[in-house]
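Novice: Contents of input39.tsv (TSV, C-alpha atoms) are below:
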```tsv
chain	number	residue	atom	x	y	z
A	1	MET	CA	-1.65	-29.48	4.98
A	2	LYS	CA	-4.38	-30.65	2.59
A	3	SER	CA	-6.34	-27.47	3.36
A	4	LYS	CA	-3.34	-25.29	2.48
A	5	LEU	CA	-2.67	-27.26	-0.71
A	6	LEU	CA	-6.29	-26.80	-1.79
A	7	ALA	CA	-6.00	-23.08	-1.06
A	8	TYR	CA	-2.86	-22.84	-3.20
A	9	LEU	CA	-4.61	-24.61	-6.07
A	10	GLN	CA	-7.61	-22.28	-5.78
A	11	LEU	CA	-5.40	-19.18	-5.77
A	12	ALA	CA	-3.36	-20.42	-8.72
A	13	LEU	CA	-6.41	-21.27	-10.82
A	14	ALA	CA	-8.01	-17.92	-9.97
A	15	MET	CA	-4.96	-16.03	-11.25
A	16	ILE	CA	-4.72	-18.22	-14.36
A	17	LEU	CA	-8.31	-17.21	-15.14
A	18	VAL	CA	-7.47	-13.57	-14.50
A	19	GLY	CA	-4.52	-13.92	-16.86
A	20	SER	CA	-6.88	-15.19	-19.55
A	21	SER	CA	-8.74	-11.88	-19.30
A	22	VAL	CA	-5.84	-10.24	-21.13
A	23	VAL	CA	-6.57	-12.31	-24.23
A	24	VAL	CA	-10.35	-12.17	-23.86
A	25	GLY	CA	-10.28	-8.45	-23.18
A	26	LYS	CA	-8.09	-7.83	-26.22
A	27	ILE	CA	-10.61	-9.64	-28.42
A	28	LEU	CA	-13.67	-8.05	-26.82
A	29	THR	CA	-12.62	-4.40	-26.57
A	30	VAL	CA	-11.59	-4.18	-30.23
A	31	SER	CA	-15.22	-3.42	-31.08
A	32	VAL	CA	-17.10	-3.17	-27.75
A	33	PRO	CA	-16.61	-0.05	-25.56
A	34	VAL	CA	-14.51	-0.85	-22.49
A	35	PHE	CA	-16.89	0.35	-19.76
A	36	LEU	CA	-19.87	-1.26	-21.43
A	37	ALA	CA	-17.99	-4.55	-21.82
A	38	SER	CA	-16.98	-4.45	-18.14
A	39	GLY	CA	-20.53	-3.70	-17.02
A	40	MET	CA	-22.02	-6.48	-19.12
A	41	SER	CA	-19.50	-9.04	-17.88
A	42	LEU	CA	-20.25	-8.11	-14.27
A	43	LEU	CA	-23.98	-8.42	-14.98
A	44	VAL	CA	-23.41	-11.92	-16.37
A	45	ALA	CA	-21.52	-12.82	-13.20
A	46	LEU	CA	-24.38	-11.48	-11.07
A	47	PHE	CA	-26.88	-13.74	-12.85
A	48	ILE	CA	-24.79	-16.67	-11.54
A	49	LEU	CA	-23.70	-15.45	-8.12
A	50	LEU	CA	-26.86	-13.73	-6.87
A	51	PRO	CA	-29.20	-16.78	-7.06
A	52	LEU	CA	-26.52	-18.97	-5.44
A	53	MET	CA	-26.06	-16.50	-2.60
A	54	LEU	CA	-29.82	-16.19	-1.99
A	55	ARG	CA	-30.15	-19.98	-1.99
A	56	GLU	CA	-27.20	-20.46	0.39
A	57	ASN	CA	-28.59	-17.95	2.89
A	58	ASN	CA	-32.33	-18.58	2.38
A	59	GLY	CA	-32.70	-14.99	1.25
A	60	ILE	CA	-30.72	-11.78	1.60
A	61	PRO	CA	-27.93	-12.27	4.19
A	62	LYS	CA	-27.65	-9.90	7.13
A	63	LEU	CA	-24.35	-8.08	6.84
A	64	LYS	CA	-22.58	-5.74	9.22
A	65	THR	CA	-21.96	-2.18	8.12
A	66	GLY	CA	-18.22	-2.70	8.52
A	67	ASP	CA	-18.21	-5.75	6.23
A	68	LEU	CA	-20.25	-3.92	3.59
A	69	ARG	CA	-17.82	-1.02	3.77
A	70	MET	CA	-14.86	-3.33	3.20
A	71	MET	CA	-16.53	-5.07	0.24
A	72	PHE	CA	-17.47	-1.70	-1.27
A	73	LEU	CA	-13.84	-0.60	-1.00
A	74	GLN	CA	-12.73	-3.86	-2.62
A	75	ALA	CA	-15.03	-3.20	-5.56
A	76	LEU	CA	-13.93	0.43	-5.79
A	77	LEU	CA	-10.19	-0.22	-5.64
A	78	GLY	CA	-9.81	-3.74	-7.05
A	79	THR	CA	-12.48	-3.71	-9.75
A	80	PHE	CA	-13.53	-0.20	-10.75
A	81	LEU	CA	-10.43	1.97	-10.26
A	82	TYR	CA	-8.11	-0.91	-11.17
A	83	ARG	CA	-9.61	-1.17	-14.65
A	84	ILE	CA	-9.78	2.60	-15.14
A	85	PHE	CA	-6.15	3.20	-14.11
A	86	LEU	CA	-4.90	0.35	-16.28
A	87	LEU	CA	-7.04	1.38	-19.26
A	88	TYR	CA	-5.92	5.01	-19.30
A	89	GLY	CA	-2.37	4.18	-18.27
A	90	LEU	CA	-1.92	2.00	-21.34
A	91	ARG	CA	-2.90	4.97	-23.52
A	92	TYR	CA	0.19	6.90	-22.44
A	93	THR	CA	2.81	4.22	-21.85
A	94	GLY	CA	3.87	1.08	-23.71
A	95	ALA	CA	3.04	-2.51	-22.92
A	96	ILE	CA	6.63	-3.33	-21.93
A	97	GLU	CA	6.81	-0.46	-19.44
A	98	SER	CA	3.41	-1.44	-18.06
A	99	GLY	CA	4.53	-5.06	-17.67
A	100	ILE	CA	7.59	-3.97	-15.70
A	101	ILE	CA	5.46	-1.81	-13.41
A	102	THR	CA	2.84	-4.52	-12.77
A	103	SER	CA	5.63	-6.96	-11.90
A	104	THR	CA	5.87	-5.14	-8.58
A	105	GLU	CA	2.46	-6.42	-7.41
A	106	PRO	CA	3.73	-9.37	-5.29
A	107	ALA	CA	6.07	-6.97	-3.51
A	108	VAL	CA	3.31	-4.37	-3.09
A	109	VAL	CA	0.96	-6.96	-1.56
A	110	ALA	CA	3.70	-8.11	0.84
A	111	ILE	CA	4.51	-4.55	1.91
A	112	LEU	CA	0.84	-3.60	2.37
A	113	SER	CA	0.32	-6.83	4.35
A	114	LEU	CA	3.15	-5.78	6.64
A	115	ILE	CA	1.70	-2.27	7.08
A	116	PHE	CA	-2.02	-3.00	7.39
A	117	LEU	CA	-2.20	-6.63	8.56
A	118	LYS	CA	1.08	-6.80	10.53
A	119	GLU	CA	2.10	-9.98	8.69
A	120	LYS	CA	5.76	-10.92	9.14
A	121	LEU	CA	8.09	-11.20	6.17
A	122	GLY	CA	10.07	-14.42	6.51
A	123	LEU	CA	13.18	-15.21	4.49
A	124	ASN	CA	11.12	-17.44	2.19
A	125	LYS	CA	8.75	-14.54	1.42
A	126	ILE	CA	11.60	-12.14	0.70
A	127	LEU	CA	13.29	-14.67	-1.59
A	128	GLY	CA	9.97	-15.49	-3.27
A	129	ILE	CA	9.15	-11.83	-3.85
A	130	THR	CA	12.61	-11.23	-5.34
A	131	LEU	CA	12.32	-14.18	-7.72
A	132	SER	CA	8.76	-13.27	-8.72
A	133	VAL	CA	9.61	-9.65	-9.50
A	134	GLY	CA	12.79	-10.76	-11.25
A	135	GLY	CA	10.92	-13.34	-13.31
A	136	ILE	CA	8.30	-10.94	-14.57
A	137	MET	CA	10.94	-8.30	-15.33
A	138	VAL	CA	12.89	-10.89	-17.33
A	139	MET	CA	9.74	-11.57	-19.35
A	140	ASN	CA	9.44	-7.88	-20.15
A	141	LEU	CA	13.02	-6.60	-20.34
A	142	ILE	CA	14.98	-9.21	-22.30
A	143	GLY	CA	14.82	-8.38	-25.95
A	144	ASN	CA	13.71	-4.79	-25.36
A	145	GLN	CA	16.37	-2.57	-26.86
A	146	ASN	CA	14.44	0.68	-26.65
A	147	GLY	CA	14.25	1.13	-22.88
A	148	PHE	CA	11.81	3.52	-21.23
A	149	ALA	CA	10.42	6.46	-23.13
A	150	ILE	CA	11.11	9.31	-20.69
A	151	THR	CA	8.37	11.81	-21.56
A	152	ASN	CA	5.77	13.62	-19.49
A	153	MET	CA	2.97	11.50	-20.95
A	154	ALA	CA	4.90	8.28	-20.35
A	155	LEU	CA	5.42	9.34	-16.74
A	156	ILE	CA	1.68	9.98	-16.33
A	157	GLY	CA	0.94	6.57	-17.87
A	158	SER	CA	3.41	4.86	-15.55
A	159	ILE	CA	1.83	6.50	-12.49
A	160	LEU	CA	-1.63	5.39	-13.61
A	161	VAL	CA	-0.50	1.79	-14.20
A	162	PHE	CA	1.15	1.71	-10.77
A	163	GLY	CA	-2.16	2.99	-9.38
A	164	SER	CA	-3.82	-0.11	-10.84
A	165	VAL	CA	-1.20	-2.27	-9.10
A	166	ILE	CA	-2.04	-0.68	-5.74
A	167	GLY	CA	-5.77	-1.13	-6.42
A	168	GLU	CA	-5.35	-4.83	-7.16
A	169	ALA	CA	-3.12	-5.28	-4.11
A	170	MET	CA	-5.67	-3.57	-1.86
A	171	PHE	CA	-8.32	-5.93	-3.25
A	172	THR	CA	-6.43	-8.74	-1.51
A	173	ILE	CA	-5.61	-6.80	1.66
A	174	LEU	CA	-9.19	-5.65	2.27
A	175	ALA	CA	-10.51	-9.21	2.07
A	176	LYS	CA	-8.76	-10.24	5.30
A	177	PRO	CA	-10.58	-7.91	7.77
A	178	VAL	CA	-14.01	-9.04	6.53
A	179	SER	CA	-15.82	-11.06	9.19
A	180	LYS	CA	-15.03	-14.76	9.18
A	181	THR	CA	-18.76	-15.43	9.18
A	182	ILE	CA	-18.98	-13.98	5.65
A	183	THR	CA	-18.72	-16.78	3.10
A	184	PRO	CA	-16.67	-16.45	-0.12
A	185	LEU	CA	-19.94	-16.63	-2.07
A	186	ILE	CA	-21.36	-13.60	-0.25
A	187	THR	CA	-18.13	-11.64	-0.70
A	188	SER	CA	-17.91	-12.52	-4.40
A	189	THR	CA	-21.54	-11.52	-4.99
A	190	MET	CA	-21.40	-8.24	-3.11
A	191	VAL	CA	-18.09	-7.14	-4.67
A	192	THR	CA	-19.48	-7.95	-8.11
A	193	LEU	CA	-22.71	-6.08	-7.36
A	194	PHE	CA	-20.88	-2.98	-6.14
A	195	GLY	CA	-18.58	-3.09	-9.16
A	196	PHE	CA	-21.50	-3.40	-11.55
A	197	LEU	CA	-23.26	-0.38	-10.00
A	198	MET	CA	-20.08	1.67	-10.37
A	199	PHE	CA	-19.73	0.81	-14.05
A	200	LEU	CA	-23.46	1.16	-14.79
A	201	PRO	CA	-23.70	4.91	-15.54
A	202	PHE	CA	-20.60	4.83	-17.76
A	203	GLY	CA	-21.85	1.69	-19.53
A	204	LEU	CA	-25.25	3.28	-20.18
A	205	TYR	CA	-23.56	6.33	-21.67
A	206	GLU	CA	-21.44	4.17	-24.00
A	207	MET	CA	-24.49	2.09	-24.91
A	208	SER	CA	-26.14	5.21	-26.33
A	209	ASN	CA	-23.61	5.01	-29.18
A	210	PHE	CA	-23.40	1.22	-29.43
A	211	ASN	CA	-26.09	-1.27	-30.47
A	212	ILE	CA	-25.69	-4.31	-28.20
A	213	PHE	CA	-28.22	-6.22	-30.31
A	214	GLN	CA	-25.75	-6.26	-33.21
A	215	MET	CA	-22.98	-7.94	-31.24
A	216	SER	CA	-21.36	-10.89	-33.01
A	217	ILE	CA	-21.27	-14.44	-31.66
A	218	ILE	CA	-17.62	-13.99	-30.72
A	219	GLU	CA	-18.38	-10.77	-28.81
A	220	ILE	CA	-21.26	-12.43	-26.96
A	221	ALA	CA	-19.14	-15.51	-26.16
A	222	THR	CA	-16.19	-13.48	-24.87
A	223	THR	CA	-18.50	-11.33	-22.73
A	224	ALA	CA	-20.05	-14.47	-21.25
A	225	TYR	CA	-16.61	-16.01	-20.60
A	226	TYR	CA	-15.43	-12.82	-18.92
A	227	GLY	CA	-18.47	-12.81	-16.65
A	228	VAL	CA	-18.60	-16.54	-15.83
A	229	PHE	CA	-14.94	-17.51	-15.56
A	230	VAL	CA	-12.87	-14.34	-15.08
A	231	THR	CA	-15.35	-12.77	-12.65
A	232	ALA	CA	-17.69	-15.28	-10.97
A	233	ILE	CA	-15.49	-18.38	-10.79
A	234	ALA	CA	-12.20	-16.50	-10.30
A	235	PHE	CA	-13.69	-14.44	-7.45
A	236	MET	CA	-15.03	-17.56	-5.75
A	237	LEU	CA	-11.69	-19.38	-6.05
A	238	TRP	CA	-9.72	-16.36	-4.86
A	239	PHE	CA	-11.84	-15.63	-1.80
A	240	ASN	CA	-11.96	-19.33	-0.85
A	241	GLY	CA	-8.19	-19.63	-1.04
A	242	LEU	CA	-7.57	-16.30	0.67
A	243	LYS	CA	-9.43	-17.42	3.79
A	244	LYS	CA	-6.80	-20.09	4.43
A	245	VAL	CA	-3.52	-18.23	3.80
A	246	GLU	CA	-1.84	-14.94	4.61
A	247	ALA	CA	-2.41	-12.04	2.21
A	248	SER	CA	1.32	-11.82	1.43
A	249	VAL	CA	1.34	-15.50	0.42
A	250	ALA	CA	-1.76	-15.06	-1.73
A	251	GLY	CA	-0.12	-12.06	-3.39
A	252	MET	CA	2.63	-14.29	-4.75
A	253	PHE	CA	0.09	-16.16	-6.85
A	254	THR	CA	-0.48	-13.02	-8.92
A	255	GLY	CA	2.69	-14.19	-10.66
A	256	PHE	CA	0.49	-16.66	-12.54
A	257	ILE	CA	-1.23	-13.76	-14.36
A	258	PRO	CA	1.59	-12.94	-16.84
A	259	VAL	CA	2.45	-16.64	-17.29
A	260	SER	CA	-1.18	-17.41	-18.18
A	261	ALA	CA	-1.44	-14.35	-20.42
A	262	VAL	CA	1.72	-15.22	-22.36
A	263	LEU	CA	0.75	-18.87	-22.91
A	264	LEU	CA	-2.80	-18.04	-23.98
A	265	SER	CA	-1.58	-15.22	-26.24
A	266	TYR	CA	0.60	-17.80	-27.98
A	267	LEU	CA	-2.13	-20.45	-28.22
A	268	ILE	CA	-5.07	-18.20	-29.15
A	269	LEU	CA	-3.64	-15.02	-30.66
A	270	GLY	CA	-0.54	-16.60	-32.20
A	271	GLU	CA	1.86	-14.19	-30.52
A	272	GLU	CA	5.51	-15.26	-30.27
A	273	VAL	CA	6.85	-16.78	-27.05
A	274	GLY	CA	10.57	-16.21	-26.56
A	275	THR	CA	13.28	-17.53	-24.28
A	276	SER	CA	12.70	-14.61	-21.91
A	277	HIS	CA	9.08	-15.69	-21.38
A	278	ILE	CA	10.11	-19.27	-20.58
A	279	LEU	CA	12.87	-18.16	-18.20
A	280	GLY	CA	10.65	-15.60	-16.53
A	281	GLY	CA	7.84	-18.11	-16.12
A	282	PHE	CA	10.23	-20.59	-14.52
A	283	LEU	CA	11.41	-17.99	-11.99
A	284	ILE	CA	7.82	-17.06	-11.12
A	285	LEU	CA	6.79	-20.68	-10.53
A	286	LEU	CA	9.97	-21.26	-8.48
A	287	SER	CA	9.14	-18.21	-6.32
A	288	ILE	CA	5.67	-19.61	-5.57
A	289	LEU	CA	7.11	-23.00	-4.59
A	290	ILE	CA	9.57	-21.33	-2.22
A	291	ILE	CA	7.10	-19.01	-0.54
A	292	THR	CA	4.57	-21.82	0.00
A	293	GLY	CA	7.17	-23.88	1.86
A	294	PHE	CA	8.96	-25.93	-0.79
A	295	PRO	CA	11.52	-27.37	-1.21
A	296	SER	CA	12.71	-26.65	2.31
A	297	LYS	CA	10.86	-25.38	5.34
A	298	LYS	CA	14.12	-24.24	6.91
A	299	LEU	CA	13.56	-20.96	5.09
A	300	ARG	CA	10.69	-20.10	7.43
A	301	SER	CA	12.79	-18.10	9.90
A	302	ASN	CA	11.35	-14.62	10.47
A	303	ILE	CA	13.20	-11.33	10.30
```
With the file now loaded, output its structure as structure tokens.
Specialist:
Amino acid sequence: MKSKLLAYLQLALAMILVGSSVVVGKILTVSVPVFLASGMSLLVALFILLPLMLRENNGIPKLKTGDLRMMFLQALLGTFLYRIFLLYGLRYTGAIESGIITSTEPAVVAILSLIFLKEKLGLNKILGITLSVGGIMVMNLIGNQNGFAITNMALIGSILVFGSVIGEAMFTILAKPVSKTITPLITSTMVTLFGFLMFLPFGLYEMSNFNIFQMSIIEIATTAYYGVFVTAIAFMLWFNGLKKVEASVAGMFTGFIPVSAVLLSYLILGEEVGTSHILGGFLILLSILIITGFPSKKLRSNI
């Protein structure tokens, strides 16, 4: 029980840190090119993770080809393509539409867990998924009087954003088949390394038109935060927690992302928090309590 509770705390904190990337990214990418900023943040994370991994394993760890393949796919889908799909999707569709689409992630993780990992969906998971999706939709829909903009470009943007949801969901799914002998530190380091190498050519191209030596203190600080907390620490927490719970359960903790983003947007950026955000956040937290076994374990009957 204590092991599961620790895993839940690790997963929650990881997603709170990921939620903070919305605020940090908004500050950073105002003046720093997106691919360059992503590459630099991953490089910062590598400066932390790589020495720790080498020290833990007394050198370069011996990894199976299958494990390396899975970690490469995690980096490709959950780091590289996730950011690209989301970045370009937001160019063609609005933030409200994107928020509604990304609210499907807990459900997508649960469905992919059923398909690829053969995890059962109990009544508590179904109820938790429903509340989580409902909570995030409440945060995005209430107060929106304009509805969806039904245009060809909006449709393209929506498809791209949903692609980012699938990429992030697969990031969780692909972590489960990795050998149990692979530590969270090794997984975090290798996924970060693969992601950095994918962003490197694009970052170098953007750097040809951007002088990194003229970055402000704020830009340097946000890049460092993104690398240390959003990447290195969040990865470590996520992979540690994921080893102890089912992927579908871990997927529910992605509900902390919009809650964290909304609160930090209010505290740091001064954006308004409305009743819909409070109600939606309550439903998300309630969904996580239910799917993790509270308040009643009688809900654990399988379908």
Novice: At what distance in Å, to one decimal, does atom CA of Leu286 of chain A lie from atom CA of Gly135 of chain A?
Specialist: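 Interatomic distance here is 9.3 Å.
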Novice: Find the spatial neighbours of Lys64 of chain A, counting all atoms listed in the file, within a cut-off of 12 Å - ignore same-chain residues fewer than 5 positions away - and output them as a list in words.
Specialist: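 Near Lys64 of chain A, the qualifying residues are Arg69, Met70, Met71, Val178, Ser179, Lys180, Thr181 and Ile182 of chain A.
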Novice: From the list A:Leu204, A:Ile173, A:Ile233, A:Leu46, which residue is nearest Val18 of chain A when using all atoms listed in the file?
Specialist: A:Ile233
Novice: Hey, which of A:Ser132, A:Thr79, A:Ser113, A:Thr192 ends up closest to Ile284 of chain A? Count all atoms listed in the file.
Specialist: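 Comparing A:Ser132, A:Thr79, A:Ser113, A:Thr192 against Ile284 of chain A, the winner is A:Ser132.
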Novice: Could you name the residues that touch Leu160 of chain A at 7 Å or less, counting only C-alpha atoms, but leaving out those on the same chain fewer than 6 positions away, as a PyMOL selection string?
Specialist: chain A and resi 85-86+89
Novice: Where atoms are missing, can you supply N, CA and C atoms for segment 121-140 of chain A and output the lot as a compact mmCIF listing (two decimals), in the coordinates of the input?
Specialist:
```
# COMPACT_ATOMS: atom_id res chain seq x y z
N LEU A 121 7.42 -10.79 7.41
CA LEU A 121 8.09 -11.20 6.17
C LEU A 121 9.23 -12.15 6.52
N GLY A 122 9.01 -13.45 6.28
CA GLY A 122 10.07 -14.42 6.51
C GLY A 122 11.05 -14.43 5.35
N LEU A 123 12.16 -15.14 5.53
CA LEU A 123 13.18 -15.21 4.49
C LEU A 123 12.62 -15.83 3.21
N ASN A 124 11.71 -16.81 3.38
CA ASN A 124 11.12 -17.44 2.19
C ASN A 124 10.28 -16.44 1.40
N LYS A 125 9.58 -15.53 2.11
CA LYS A 125 8.75 -14.54 1.42
C LYS A 125 9.62 -13.52 0.68
N ILE A 126 10.70 -13.10 1.34
CA ILE A 126 11.60 -12.14 0.70
C ILE A 126 12.23 -12.74 -0.55
N LEU A 127 12.69 -13.99 -0.43
CA LEU A 127 13.29 -14.67 -1.59
C LEU A 127 12.25 -14.88 -2.68
N GLY A 128 11.04 -15.28 -2.29
CA GLY A 128 9.97 -15.49 -3.27
C GLY A 128 9.59 -14.22 -3.99
N ILE A 129 9.47 -13.12 -3.25
CA ILE A 129 9.15 -11.83 -3.85
C ILE A 129 10.23 -11.42 -4.85
N THR A 130 11.49 -11.60 -4.46
CA THR A 130 12.61 -11.23 -5.34
C THR A 130 12.58 -12.03 -6.63
N LEU A 131 12.36 -13.34 -6.52
CA LEU A 131 12.32 -14.18 -7.72
C LEU A 131 11.12 -13.85 -8.60
N SER A 132 9.97 -13.58 -7.95
CA SER A 132 8.76 -13.27 -8.72
C SER A 132 8.92 -11.98 -9.51
N VAL A 133 9.38 -10.92 -8.82
CA VAL A 133 9.61 -9.65 -9.50
C VAL A 133 10.67 -9.80 -10.59
N GLY A 134 11.74 -10.53 -10.26
CA GLY A 134 12.79 -10.76 -11.25
C GLY A 134 12.29 -11.53 -12.45
N GLY A 135 11.45 -12.54 -12.21
CA GLY A 135 10.92 -13.34 -13.31
C GLY A 135 10.06 -12.55 -14.25
N ILE A 136 9.18 -11.71 -13.71
CA ILE A 136 8.30 -10.94 -14.57
C ILE A 136 9.08 -9.84 -15.30
N MET A 137 10.11 -9.29 -14.65
CA MET A 137 10.94 -8.30 -15.33
C MET A 137 11.74 -8.94 -16.46
N VAL A 138 12.19 -10.18 -16.26
CA VAL A 138 12.89 -10.89 -17.33
C VAL A 138 11.98 -11.06 -18.54
N MET A 139 10.70 -11.39 -18.27
CA MET A 139 9.74 -11.57 -19.35
C MET A 139 9.53 -10.30 -20.15
N ASN A 140 9.71 -9.16 -19.49
CA ASN A 140 9.44 -7.88 -20.15
C ASN A 140 10.69 -7.18 -20.67
```
